[in-house]
file input_16.tsv (TSV, N, CA, C and O atoms)
chain	number	residue	atom	x	y	z
A	1	MET	N	11.19	21.92	-51.24
A	1	MET	CA	11.14	20.50	-51.49
A	1	MET	C	12.54	19.94	-51.64
A	1	MET	O	13.43	20.62	-52.13
A	2	SER	N	12.68	18.72	-51.27
A	2	SER	CA	13.97	18.06	-51.43
A	2	SER	C	14.17	17.70	-52.91
A	2	SER	O	13.22	17.70	-53.69
A	3	PRO	N	15.39	17.39	-53.29
A	3	PRO	CA	15.62	17.04	-54.69
A	3	PRO	C	14.79	15.86	-55.18
A	3	PRO	O	14.45	15.77	-56.35
A	4	SER	N	14.45	14.94	-54.29
A	4	SER	CA	13.64	13.80	-54.71
A	4	SER	C	12.16	14.14	-54.82
A	4	SER	O	11.36	13.32	-55.22
A	5	GLY	N	11.76	15.35	-54.40
A	5	GLY	CA	10.37	15.78	-54.49
A	5	GLY	C	9.53	15.40	-53.30
A	5	GLY	O	8.33	15.60	-53.29
A	6	GLU	N	10.14	14.84	-52.26
A	6	GLU	CA	9.39	14.40	-51.08
A	6	GLU	C	9.24	15.55	-50.09
A	6	GLU	O	10.20	16.25	-49.79
A	7	ARG	N	8.03	15.74	-49.60
A	7	ARG	CA	7.78	16.76	-48.57
A	7	ARG	C	7.99	16.13	-47.21
A	7	ARG	O	7.46	15.08	-46.91
A	8	TRP	N	8.76	16.80	-46.36
A	8	TRP	CA	8.96	16.28	-45.01
A	8	TRP	C	7.84	16.71	-44.09
A	8	TRP	O	7.47	15.98	-43.20
A	9	GLY	N	7.28	17.89	-44.30
A	9	GLY	CA	6.16	18.35	-43.48
A	9	GLY	C	6.49	18.35	-42.00
A	9	GLY	O	7.57	18.77	-41.58
A	10	PRO	N	5.59	17.85	-41.16
A	10	PRO	CA	5.79	17.87	-39.70
A	10	PRO	C	6.64	16.71	-39.18
A	10	PRO	O	6.83	16.58	-37.98
A	11	TYR	N	7.16	15.87	-40.07
A	11	TYR	CA	7.91	14.69	-39.62
A	11	TYR	C	9.07	15.03	-38.69
A	11	TYR	O	9.23	14.38	-37.66
A	12	PRO	N	9.91	16.04	-38.99
A	12	PRO	CA	11.01	16.35	-38.06
A	12	PRO	C	10.53	16.79	-36.68
A	12	PRO	O	11.16	16.46	-35.67
A	13	LEU	N	9.41	17.50	-36.61
A	13	LEU	CA	8.89	17.91	-35.31
A	13	LEU	C	8.39	16.72	-34.51
A	13	LEU	O	8.63	16.63	-33.30
A	14	VAL	N	7.70	15.80	-35.16
A	14	VAL	CA	7.22	14.60	-34.47
A	14	VAL	C	8.40	13.74	-34.03
A	14	VAL	O	8.42	13.21	-32.91
A	15	LEU	N	9.40	13.62	-34.88
A	15	LEU	CA	10.59	12.85	-34.53
A	15	LEU	C	11.33	13.48	-33.35
A	15	LEU	O	11.74	12.77	-32.42
A	16	ALA	N	11.47	14.80	-33.34
A	16	ALA	CA	12.12	15.49	-32.22
A	16	ALA	C	11.31	15.33	-30.94
A	16	ALA	O	11.87	15.10	-29.86
A	17	GLY	N	9.99	15.43	-31.04
A	17	GLY	CA	9.13	15.24	-29.86
A	17	GLY	C	9.23	13.83	-29.31
A	17	GLY	O	9.29	13.63	-28.09
A	18	ALA	N	9.27	12.84	-30.20
A	18	ALA	CA	9.40	11.45	-29.75
A	18	ALA	C	10.76	11.23	-29.10
A	18	ALA	O	10.85	10.55	-28.07
A	19	ALA	N	11.80	11.80	-29.66
A	19	ALA	CA	13.14	11.66	-29.07
A	19	ALA	C	13.19	12.31	-27.70
A	19	ALA	O	13.76	11.74	-26.75
A	20	LEU	N	12.58	13.48	-27.56
A	20	LEU	CA	12.55	14.13	-26.25
A	20	LEU	C	11.73	13.34	-25.25
A	20	LEU	O	12.07	13.27	-24.07
A	21	GLY	N	10.64	12.74	-25.71
A	21	GLY	CA	9.83	11.90	-24.83
A	21	GLY	C	10.59	10.68	-24.33
A	21	GLY	O	10.53	10.34	-23.14
A	22	VAL	N	11.33	10.04	-25.22
A	22	VAL	CA	12.12	8.87	-24.80
A	22	VAL	C	13.24	9.30	-23.85
A	22	VAL	O	13.52	8.63	-22.85
A	23	LEU	N	13.89	10.44	-24.14
A	23	LEU	CA	14.91	10.94	-23.22
A	23	LEU	C	14.32	11.26	-21.85
A	23	LEU	O	14.93	10.99	-20.82
A	24	ALA	N	13.11	11.82	-21.85
A	24	ALA	CA	12.45	12.13	-20.58
A	24	ALA	C	12.13	10.86	-19.80
A	24	ALA	O	12.21	10.84	-18.57
A	25	ILE	N	11.78	9.78	-20.50
A	25	ILE	CA	11.51	8.51	-19.83
A	25	ILE	C	12.76	8.03	-19.11
A	25	ILE	O	12.71	7.61	-17.95
A	26	PHE	N	13.90	8.10	-19.78
A	26	PHE	CA	15.14	7.57	-19.19
A	26	PHE	C	15.80	8.52	-18.21
A	26	PHE	O	16.40	8.07	-17.24
A	27	LEU	N	15.71	9.83	-18.44
A	27	LEU	CA	16.48	10.77	-17.63
A	27	LEU	C	15.68	11.49	-16.56
A	27	LEU	O	16.23	11.85	-15.53
A	28	VAL	N	14.40	11.73	-16.81
A	28	VAL	CA	13.62	12.57	-15.88
A	28	VAL	C	12.65	11.72	-15.07
A	28	VAL	O	12.83	11.51	-13.88
A	29	ASP	N	11.60	11.25	-15.73
A	29	ASP	CA	10.54	10.54	-15.02
A	29	ASP	C	9.80	9.65	-16.00
A	29	ASP	O	9.42	10.10	-17.09
A	30	THR	N	9.59	8.42	-15.63
A	30	THR	CA	8.93	7.46	-16.52
A	30	THR	C	7.51	7.90	-16.86
A	30	THR	O	7.09	7.84	-18.01
A	31	GLU	N	6.78	8.36	-15.84
A	31	GLU	CA	5.39	8.75	-16.08
A	31	GLU	C	5.30	9.97	-16.99
A	31	GLU	O	4.51	10.00	-17.93
A	32	TRP	N	6.10	10.98	-16.71
A	32	TRP	CA	6.06	12.21	-17.51
A	32	TRP	C	6.51	11.93	-18.94
A	32	TRP	O	5.91	12.40	-19.90
A	33	GLY	N	7.57	11.17	-19.09
A	33	GLY	CA	8.07	10.87	-20.43
A	33	GLY	C	7.08	10.04	-21.24
A	33	GLY	O	6.89	10.27	-22.43
A	34	GLY	N	6.44	9.06	-20.59
A	34	GLY	CA	5.44	8.26	-21.29
A	34	GLY	C	4.24	9.08	-21.72
A	34	GLY	O	3.71	8.90	-22.81
A	35	PHE	N	3.83	10.00	-20.84
A	35	PHE	CA	2.71	10.88	-21.18
A	35	PHE	C	3.09	11.78	-22.37
A	35	PHE	O	2.30	11.95	-23.30
A	36	ALA	N	4.29	12.33	-22.33
A	36	ALA	CA	4.75	13.21	-23.42
A	36	ALA	C	4.86	12.44	-24.73
A	36	ALA	O	4.47	12.94	-25.80
A	37	LEU	N	5.37	11.22	-24.67
A	37	LEU	CA	5.49	10.41	-25.88
A	37	LEU	C	4.12	10.06	-26.45
A	37	LEU	O	3.90	10.12	-27.66
A	38	GLY	N	3.17	9.73	-25.57
A	38	GLY	CA	1.81	9.47	-26.04
A	38	GLY	C	1.17	10.70	-26.66
A	38	GLY	O	0.48	10.61	-27.67
A	39	ALA	N	1.43	11.86	-26.06
A	39	ALA	CA	0.89	13.10	-26.61
A	39	ALA	C	1.47	13.39	-27.99
A	39	ALA	O	0.77	13.87	-28.89
A	40	VAL	N	2.75	13.09	-28.19
A	40	VAL	CA	3.37	13.29	-29.50
A	40	VAL	C	2.71	12.40	-30.54
A	40	VAL	O	2.42	12.83	-31.66
A	41	PHE	N	2.41	11.15	-30.17
A	41	PHE	CA	1.73	10.26	-31.11
A	41	PHE	C	0.32	10.74	-31.41
A	41	PHE	O	-0.16	10.62	-32.54
A	42	LEU	N	-0.37	11.28	-30.42
A	42	LEU	CA	-1.71	11.82	-30.66
A	42	LEU	C	-1.66	13.04	-31.58
A	42	LEU	O	-2.52	13.21	-32.45
A	43	VAL	N	-0.66	13.89	-31.39
A	43	VAL	CA	-0.49	15.04	-32.28
A	43	VAL	C	-0.17	14.56	-33.70
A	43	VAL	O	-0.70	15.11	-34.68
A	44	ALA	N	0.67	13.54	-33.81
A	44	ALA	CA	0.99	12.99	-35.14
A	44	ALA	C	-0.27	12.44	-35.81
A	44	ALA	O	-0.46	12.60	-37.01
A	45	ALA	N	-1.14	11.79	-35.03
A	45	ALA	CA	-2.40	11.28	-35.60
A	45	ALA	C	-3.27	12.42	-36.08
A	45	ALA	O	-3.88	12.34	-37.16
A	46	ALA	N	-3.34	13.50	-35.30
A	46	ALA	CA	-4.15	14.66	-35.71
A	46	ALA	C	-3.59	15.32	-36.96
A	46	ALA	O	-4.35	15.70	-37.87
A	47	VAL	N	-2.28	15.42	-37.04
A	47	VAL	CA	-1.65	16.03	-38.22
A	47	VAL	C	-1.89	15.16	-39.44
A	47	VAL	O	-2.20	15.65	-40.53
A	48	ARG	N	-1.76	13.86	-39.27
A	48	ARG	CA	-1.99	12.95	-40.40
A	48	ARG	C	-3.46	12.96	-40.82
A	48	ARG	O	-3.76	12.89	-42.01
A	49	PHE	N	-4.36	13.09	-39.86
A	49	PHE	CA	-5.79	13.16	-40.18
A	49	PHE	C	-6.12	14.42	-40.96
A	49	PHE	O	-6.94	14.41	-41.86
A	50	ALA	N	-5.45	15.52	-40.61
A	50	ALA	CA	-5.70	16.79	-41.28
A	50	ALA	C	-5.15	16.82	-42.70
A	50	ALA	O	-5.46	17.73	-43.46
A	51	GLY	N	-4.33	15.84	-43.05
A	51	GLY	CA	-3.83	15.78	-44.41
A	51	GLY	C	-2.48	16.41	-44.61
A	51	GLY	O	-2.00	16.53	-45.73
A	52	TYR	N	-1.83	16.84	-43.54
A	52	TYR	CA	-0.51	17.45	-43.65
A	52	TYR	C	0.57	16.45	-43.28
A	52	TYR	O	1.52	16.78	-42.60
A	53	GLY	N	0.44	15.24	-43.72
A	53	GLY	CA	1.32	14.17	-43.30
A	53	GLY	C	2.75	14.29	-43.78
A	53	GLY	O	3.67	14.06	-43.03
A	54	GLY	N	2.95	14.65	-45.03
A	54	GLY	CA	4.30	14.67	-45.56
A	54	GLY	C	4.92	13.30	-45.43
A	54	GLY	O	4.37	12.30	-45.87
A	55	ALA	N	6.08	13.22	-44.78
A	55	ALA	CA	6.76	11.94	-44.60
A	55	ALA	C	6.09	11.08	-43.53
A	55	ALA	O	6.44	9.92	-43.36
A	56	LEU	N	5.11	11.64	-42.79
A	56	LEU	CA	4.35	10.82	-41.84
A	56	LEU	C	3.41	9.86	-42.56
A	56	LEU	O	2.97	8.88	-41.98
A	57	ALA	N	3.10	10.15	-43.80
A	57	ALA	CA	2.18	9.32	-44.57
A	57	ALA	C	2.90	8.07	-45.03
A	57	ALA	O	3.54	8.04	-46.07
A	58	VAL	N	2.83	7.03	-44.23
A	58	VAL	CA	3.50	5.78	-44.55
A	58	VAL	C	2.56	4.86	-45.31
A	58	VAL	O	2.92	4.25	-46.29
A	59	ARG	N	1.33	4.77	-44.82
A	59	ARG	CA	0.32	3.93	-45.44
A	59	ARG	C	-0.87	4.82	-45.79
A	59	ARG	O	-0.76	6.02	-45.80
A	60	ALA	N	-1.99	4.21	-46.01
A	60	ALA	CA	-3.20	4.98	-46.27
A	60	ALA	C	-3.62	5.71	-44.99
A	60	ALA	O	-3.33	5.26	-43.88
A	61	LYS	N	-4.31	6.81	-45.16
A	61	LYS	CA	-4.71	7.62	-44.01
A	61	LYS	C	-5.60	6.83	-43.06
A	61	LYS	O	-5.48	6.96	-41.84
A	62	ASN	N	-6.48	5.99	-43.59
A	62	ASN	CA	-7.38	5.24	-42.71
A	62	ASN	C	-6.67	4.14	-41.93
A	62	ASN	O	-7.28	3.51	-41.08
A	63	ILE	N	-5.41	3.89	-42.19
A	63	ILE	CA	-4.60	2.99	-41.37
A	63	ILE	C	-3.67	3.77	-40.46
A	63	ILE	O	-3.51	3.43	-39.28
A	64	ASP	N	-3.05	4.82	-40.98
A	64	ASP	CA	-2.11	5.63	-40.20
A	64	ASP	C	-2.76	6.28	-38.98
A	64	ASP	O	-2.23	6.21	-37.88
A	65	VAL	N	-3.89	6.92	-39.18
A	65	VAL	CA	-4.52	7.69	-38.10
A	65	VAL	C	-4.94	6.80	-36.93
A	65	VAL	O	-4.57	7.08	-35.78
A	66	PRO	N	-5.70	5.72	-37.15
A	66	PRO	CA	-6.05	4.88	-35.99
A	66	PRO	C	-4.84	4.25	-35.31
A	66	PRO	O	-4.82	4.12	-34.08
A	67	THR	N	-3.84	3.86	-36.09
A	67	THR	CA	-2.65	3.25	-35.49
A	67	THR	C	-1.95	4.23	-34.57
A	67	THR	O	-1.61	3.90	-33.43
A	68	LEU	N	-1.72	5.45	-35.04
A	68	LEU	CA	-1.06	6.47	-34.22
A	68	LEU	C	-1.93	6.85	-33.02
A	68	LEU	O	-1.42	7.04	-31.91
A	69	ALA	N	-3.23	6.96	-33.23
A	69	ALA	CA	-4.13	7.38	-32.15
A	69	ALA	C	-4.22	6.31	-31.06
A	69	ALA	O	-4.18	6.63	-29.86
A	70	VAL	N	-4.33	5.05	-31.44
A	70	VAL	CA	-4.43	3.98	-30.44
A	70	VAL	C	-3.13	3.86	-29.66
A	70	VAL	O	-3.13	3.73	-28.43
A	71	LEU	N	-1.99	3.92	-30.36
A	71	LEU	CA	-0.71	3.85	-29.68
A	71	LEU	C	-0.52	5.04	-28.73
A	71	LEU	O	-0.09	4.87	-27.59
A	72	GLY	N	-0.87	6.23	-29.19
A	72	GLY	CA	-0.74	7.41	-28.33
A	72	GLY	C	-1.66	7.35	-27.12
A	72	GLY	O	-1.25	7.66	-26.00
A	73	ALA	N	-2.91	6.94	-27.34
A	73	ALA	CA	-3.85	6.84	-26.22
A	73	ALA	C	-3.41	5.78	-25.22
A	73	ALA	O	-3.52	5.97	-24.00
A	74	ALA	N	-2.88	4.66	-25.72
A	74	ALA	CA	-2.40	3.61	-24.82
A	74	ALA	C	-1.23	4.10	-23.97
A	74	ALA	O	-1.15	3.81	-22.76
A	75	LEU	N	-0.33	4.87	-24.57
A	75	LEU	CA	0.79	5.42	-23.81
A	75	LEU	C	0.33	6.42	-22.76
A	75	LEU	O	0.82	6.43	-21.62
A	76	VAL	N	-0.62	7.27	-23.12
A	76	VAL	CA	-1.13	8.26	-22.17
A	76	VAL	C	-1.84	7.58	-21.01
A	76	VAL	O	-1.62	7.91	-19.84
A	77	VAL	N	-2.69	6.60	-21.29
A	77	VAL	CA	-3.43	5.90	-20.23
A	77	VAL	C	-2.46	5.13	-19.33
A	77	VAL	O	-2.59	5.15	-18.11
A	78	THR	N	-1.47	4.47	-19.93
A	78	THR	CA	-0.49	3.74	-19.13
A	78	THR	C	0.30	4.67	-18.25
A	78	THR	O	0.56	4.37	-17.07
A	79	ALA	N	0.68	5.82	-18.77
A	79	ALA	CA	1.41	6.80	-17.97
A	79	ALA	C	0.56	7.31	-16.82
A	79	ALA	O	1.05	7.51	-15.70
A	80	LEU	N	-0.73	7.51	-17.06
A	80	LEU	CA	-1.62	7.94	-15.99
A	80	LEU	C	-1.77	6.87	-14.92
A	80	LEU	O	-1.80	7.17	-13.73
A	81	PHE	N	-1.85	5.60	-15.33
A	81	PHE	CA	-1.94	4.52	-14.35
A	81	PHE	C	-0.65	4.39	-13.55
A	81	PHE	O	-0.68	4.02	-12.37
A	82	LEU	N	0.49	4.67	-14.16
A	82	LEU	CA	1.76	4.64	-13.42
A	82	LEU	C	1.84	5.80	-12.43
A	82	LEU	O	2.36	5.65	-11.33
A	83	GLU	N	1.35	6.95	-12.84
A	83	GLU	CA	1.41	8.14	-11.97
A	83	GLU	C	0.44	8.03	-10.80
A	83	GLU	O	0.74	8.42	-9.68
A	84	TYR	N	-0.75	7.51	-11.09
A	84	TYR	CA	-1.79	7.40	-10.06
A	84	TYR	C	-2.21	5.93	-9.95
A	84	TYR	O	-3.16	5.49	-10.60
A	85	PRO	N	-1.54	5.15	-9.11
A	85	PRO	CA	-1.83	3.70	-9.03
A	85	PRO	C	-3.26	3.39	-8.57
A	85	PRO	O	-3.81	2.36	-8.94
A	86	ASP	N	-3.86	4.26	-7.78
A	86	ASP	CA	-5.22	3.98	-7.31
A	86	ASP	C	-6.28	4.34	-8.35
A	86	ASP	O	-7.46	4.08	-8.14
A	87	LEU	N	-5.88	4.90	-9.49
A	87	LEU	CA	-6.83	5.28	-10.53
A	87	LEU	C	-7.53	4.06	-11.11
A	87	LEU	O	-8.73	4.10	-11.38
A	88	LYS	N	-6.82	2.96	-11.28
A	88	LYS	CA	-7.43	1.75	-11.83
A	88	LYS	C	-8.51	1.23	-10.90
A	88	LYS	O	-9.60	0.85	-11.35
A	89	ALA	N	-8.24	1.22	-9.60
A	89	ALA	CA	-9.25	0.75	-8.64
A	89	ALA	C	-10.47	1.65	-8.65
A	89	ALA	O	-11.61	1.17	-8.60
A	90	ARG	N	-10.26	2.95	-8.75
A	90	ARG	CA	-11.39	3.88	-8.82
A	90	ARG	C	-12.23	3.65	-10.06
A	90	ARG	O	-13.47	3.68	-10.01
A	91	LEU	N	-11.57	3.44	-11.20
A	91	LEU	CA	-12.30	3.21	-12.43
A	91	LEU	C	-13.07	1.90	-12.40
A	91	LEU	O	-14.19	1.81	-12.88
A	92	LEU	N	-12.46	0.87	-11.80
A	92	LEU	CA	-13.16	-0.41	-11.72
A	92	LEU	C	-14.39	-0.32	-10.81
A	92	LEU	O	-15.43	-0.90	-11.12
A	93	THR	N	-14.30	0.40	-9.70
A	93	THR	CA	-15.48	0.55	-8.84
A	93	THR	C	-16.52	1.46	-9.50
A	93	THR	O	-17.72	1.25	-9.31
A	94	LEU	N	-16.06	2.41	-10.28
A	94	LEU	CA	-16.99	3.30	-10.97
A	94	LEU	C	-17.82	2.54	-12.00
A	94	LEU	O	-19.01	2.79	-12.15
A	95	PHE	N	-17.18	1.61	-12.70
A	95	PHE	CA	-17.87	0.86	-13.74
A	95	PHE	C	-18.42	-0.47	-13.24
A	95	PHE	O	-18.83	-1.31	-14.04
A	96	GLY	N	-18.40	-0.69	-11.94
A	96	GLY	CA	-19.06	-1.84	-11.34
A	96	GLY	C	-18.34	-3.17	-11.48
A	96	GLY	O	-18.97	-4.22	-11.50
A	97	GLN	N	-17.07	-3.17	-11.58
A	97	GLN	CA	-16.31	-4.43	-11.68
A	97	GLN	C	-15.94	-4.92	-10.31
A	97	GLN	O	-15.40	-4.34	-9.51
call {"tool": "encode", "arguments": {"input": "input_16.tsv", "output": "structure tokens"}}
result
Amino acid sequence: MSPSGERWGPYPLVLAGAALGVLAIFLVDTEWGGFALGAVFLVAAAVRFAGYGGALAVRAKNIDVPTLAVLGAALVVTALFLEYPDLKARLLTLFGQ
């Protein structure tokens, strides 16, 4: 534990994953980096849901988990739409739009 008594828990791993995801967006590939960043947010939501939040626990669990999960899912879906542009048209015809 740190001198202030705060547990960091998985926060450094999530922070490192987010930093690598942003670097991948700028240096490697927008789609791959966005997908990786969304996956990091989904992992953070799962860790926070399991109760091992540490410094990830910013608010109450019932606010943190949905916020991280929705943001992560939105990033993953957006990255998939960027990677496969015809995916949106397929989904719209599948659901009858």
call {"tool": "closest_residue", "arguments": {"input": "input_16.tsv", "among": "A:Leu27, A:Leu82, A:Ala55, A:Leu94", "to": "Val14 (chain A)", "atoms": "only C-alpha atoms"}}
result
A:Ala55
call {"tool": "select_by_dssp", "arguments": {"input": "input_16.tsv", "residues": "chain A", "states": "helix (DSSP H, G or I)", "output": "ChimeraX atom specification"}}
result
/A:11-27,30-50,54-56,61-83,86-94
call {"tool": "residues_around", "arguments": {"input": "input_16.tsv", "residues": "Val22 (chain A)", "least_positions_apart": "5", "cutoff": "8 Å", "atoms": "all atoms listed in the file", "output": "number ranges by chain"}}
result
A: 15-17, 27-30, 32-34, 36-37
call {"tool": "atom_distance", "arguments": {"input": "input_16.tsv", "atom1": "CA of Val77 (chain A)", "atom2": "CA of Pro10 (chain A)"}}
result
24.6 Å
call {"tool": "closest_residue", "arguments": {"input": "input_16.tsv", "among": "A:Leu87, A:Leu13, A:Ala39, A:Ala19", "to": "Leu75 (chain A)", "atoms": "all atoms listed in the file"}}
result
A:Ala39
call {"tool": "atom_distance", "arguments": {"input": "input_16.tsv", "atom1": "atom N of Phe81 (chain A)", "atom2": "CA of Ala45 (chain A)"}}
result
21.1 Å
call {"tool": "atom_distance", "arguments": {"input": "input_16.tsv", "atom1": "atom C of Pro12 (chain A)", "atom2": "atom C of Arg48 (chain A)"}}
result
15.1 Å
call {"tool": "closest_residue", "arguments": {"input": "input_16.tsv", "among": "A:Val65, A:Leu20, A:Val70, A:Leu92", "to": "Phe49 (chain A)", "atoms": "all atoms listed in the file"}}
result
A:Val65
call {"tool": "decode", "arguments": {"input": "input_16.tsv", "residues": "region 68-91 of chain A", "atoms": "N, CA, C and O atoms", "output": "JSON list (two decimals), in the first residue's frame"}}
result
[["chain", "number", "residue", "atom", "x", "y", "z"],
["A", 68, "LEU", "N", -17.97, 2.65, -18.22],
["A", 68, "LEU", "CA", -16.82, 2.04, -18.88],
["A", 68, "LEU", "C", -17.27, 1.05, -19.96],
["A", 68, "LEU", "O", -16.68, 0.99, -21.04],
["A", 69, "ALA", "N", -18.32, 0.28, -19.67],
["A", 69, "ALA", "CA", -18.79, -0.72, -20.63],
["A", 69, "ALA", "C", -19.37, -0.08, -21.88],
["A", 69, "ALA", "O", -19.10, -0.52, -23.00],
["A", 70, "VAL", "N", -20.18, 0.96, -21.72],
["A", 70, "VAL", "CA", -20.78, 1.62, -22.88],
["A", 70, "VAL", "C", -19.71, 2.30, -23.73],
["A", 70, "VAL", "O", -19.71, 2.20, -24.96],
["A", 71, "LEU", "N", -18.76, 2.98, -23.08],
["A", 71, "LEU", "CA", -17.68, 3.62, -23.82],
["A", 71, "LEU", "C", -16.83, 2.59, -24.55],
["A", 71, "LEU", "O", -16.50, 2.77, -25.73],
["A", 72, "GLY", "N", -16.50, 1.49, -23.88],
["A", 72, "GLY", "CA", -15.71, 0.44, -24.53],
["A", 72, "GLY", "C", -16.44, -0.21, -25.69],
["A", 72, "GLY", "O", -15.87, -0.42, -26.76],
["A", 73, "ALA", "N", -17.72, -0.51, -25.49],
["A", 73, "ALA", "CA", -18.50, -1.12, -26.57],
["A", 73, "ALA", "C", -18.65, -0.18, -27.75],
["A", 73, "ALA", "O", -18.57, -0.60, -28.91],
["A", 74, "ALA", "N", -18.84, 1.11, -27.48],
["A", 74, "ALA", "CA", -18.95, 2.09, -28.57],
["A", 74, "ALA", "C", -17.65, 2.17, -29.36],
["A", 74, "ALA", "O", -17.68, 2.25, -30.61],
["A", 75, "LEU", "N", -16.52, 2.13, -28.69],
["A", 75, "LEU", "CA", -15.24, 2.16, -29.39],
["A", 75, "LEU", "C", -15.02, 0.91, -30.22],
["A", 75, "LEU", "O", -14.54, 0.98, -31.36],
["A", 76, "VAL", "N", -15.38, -0.24, -29.68],
["A", 76, "VAL", "CA", -15.22, -1.50, -30.42],
["A", 76, "VAL", "C", -16.12, -1.52, -31.66],
["A", 76, "VAL", "O", -15.68, -1.86, -32.76],
["A", 77, "VAL", "N", -17.37, -1.13, -31.51],
["A", 77, "VAL", "CA", -18.31, -1.12, -32.64],
["A", 77, "VAL", "C", -17.86, -0.11, -33.70],
["A", 77, "VAL", "O", -17.89, -0.40, -34.90],
["A", 78, "THR", "N", -17.43, 1.06, -33.27],
["A", 78, "THR", "CA", -16.95, 2.06, -34.22],
["A", 78, "THR", "C", -15.73, 1.58, -34.97],
["A", 78, "THR", "O", -15.61, 1.77, -36.18],
["A", 79, "ALA", "N", -14.82, 0.93, -34.27],
["A", 79, "ALA", "CA", -13.63, 0.39, -34.93],
["A", 79, "ALA", "C", -14.00, -0.69, -35.93],
["A", 79, "ALA", "O", -13.41, -0.78, -37.02],
["A", 80, "LEU", "N", -14.99, -1.51, -35.60],
["A", 80, "LEU", "CA", -15.44, -2.54, -36.54],
["A", 80, "LEU", "C", -16.08, -1.91, -37.77],
["A", 80, "LEU", "O", -15.88, -2.38, -38.90],
["A", 81, "PHE", "N", -16.86, -0.84, -37.58],
["A", 81, "PHE", "CA", -17.47, -0.16, -38.73],
["A", 81, "PHE", "C", -16.41, 0.51, -39.60],
["A", 81, "PHE", "O", -16.56, 0.60, -40.82],
["A", 82, "LEU", "N", -15.34, 1.00, -39.00],
["A", 82, "LEU", "CA", -14.25, 1.59, -39.78],
["A", 82, "LEU", "C", -13.49, 0.51, -40.56],
["A", 82, "LEU", "O", -13.07, 0.74, -41.70],
["A", 83, "GLU", "N", -13.30, -0.63, -39.94],
["A", 83, "GLU", "CA", -12.56, -1.72, -40.60],
["A", 83, "GLU", "C", -13.37, -2.35, -41.73],
["A", 83, "GLU", "O", -12.84, -2.70, -42.78],
["A", 84, "TYR", "N", -14.66, -2.52, -41.48],
["A", 84, "TYR", "CA", -15.54, -3.17, -42.46],
["A", 84, "TYR", "C", -16.68, -2.21, -42.81],
["A", 84, "TYR", "O", -17.74, -2.25, -42.21],
["A", 85, "PRO", "N", -16.49, -1.34, -43.80],
["A", 85, "PRO", "CA", -17.51, -0.32, -44.11],
["A", 85, "PRO", "C", -18.85, -0.92, -44.56],
["A", 85, "PRO", "O", -19.89, -0.31, -44.35],
["A", 86, "ASP", "N", -18.84, -2.09, -45.16],
["A", 86, "ASP", "CA", -20.10, -2.68, -45.61],
["A", 86, "ASP", "C", -20.86, -3.38, -44.48],
["A", 86, "ASP", "O", -21.98, -3.84, -44.68],
["A", 87, "LEU", "N", -20.29, -3.43, -43.29],
["A", 87, "LEU", "CA", -20.93, -4.09, -42.15],
["A", 87, "LEU", "C", -22.22, -3.36, -41.76],
["A", 87, "LEU", "O", -23.22, -4.00, -41.44],
["A", 88, "LYS", "N", -22.22, -2.05, -41.81],
["A", 88, "LYS", "CA", -23.42, -1.29, -41.45],
["A", 88, "LYS", "C", -24.56, -1.60, -42.41],
["A", 88, "LYS", "O", -25.70, -1.80, -41.98],
["A", 89, "ALA", "N", -24.26, -1.66, -43.71],
["A", 89, "ALA", "CA", -25.31, -1.98, -44.68],
["A", 89, "ALA", "C", -25.85, -3.38, -44.47],
["A", 89, "ALA", "O", -27.06, -3.62, -44.55],
["A", 90, "ARG", "N", -24.97, -4.32, -44.15],
["A", 90, "ARG", "CA", -25.42, -5.70, -43.88],
["A", 90, "ARG", "C", -26.32, -5.75, -42.66],
["A", 90, "ARG", "O", -27.34, -6.46, -42.66],
["A", 91, "LEU", "N", -25.94, -5.03, -41.60],
["A", 91, "LEU", "CA", -26.76, -5.03, -40.40],
["A", 91, "LEU", "C", -28.11, -4.37, -40.63],
["A", 91, "LEU", "O", -29.13, -4.83, -40.12]]
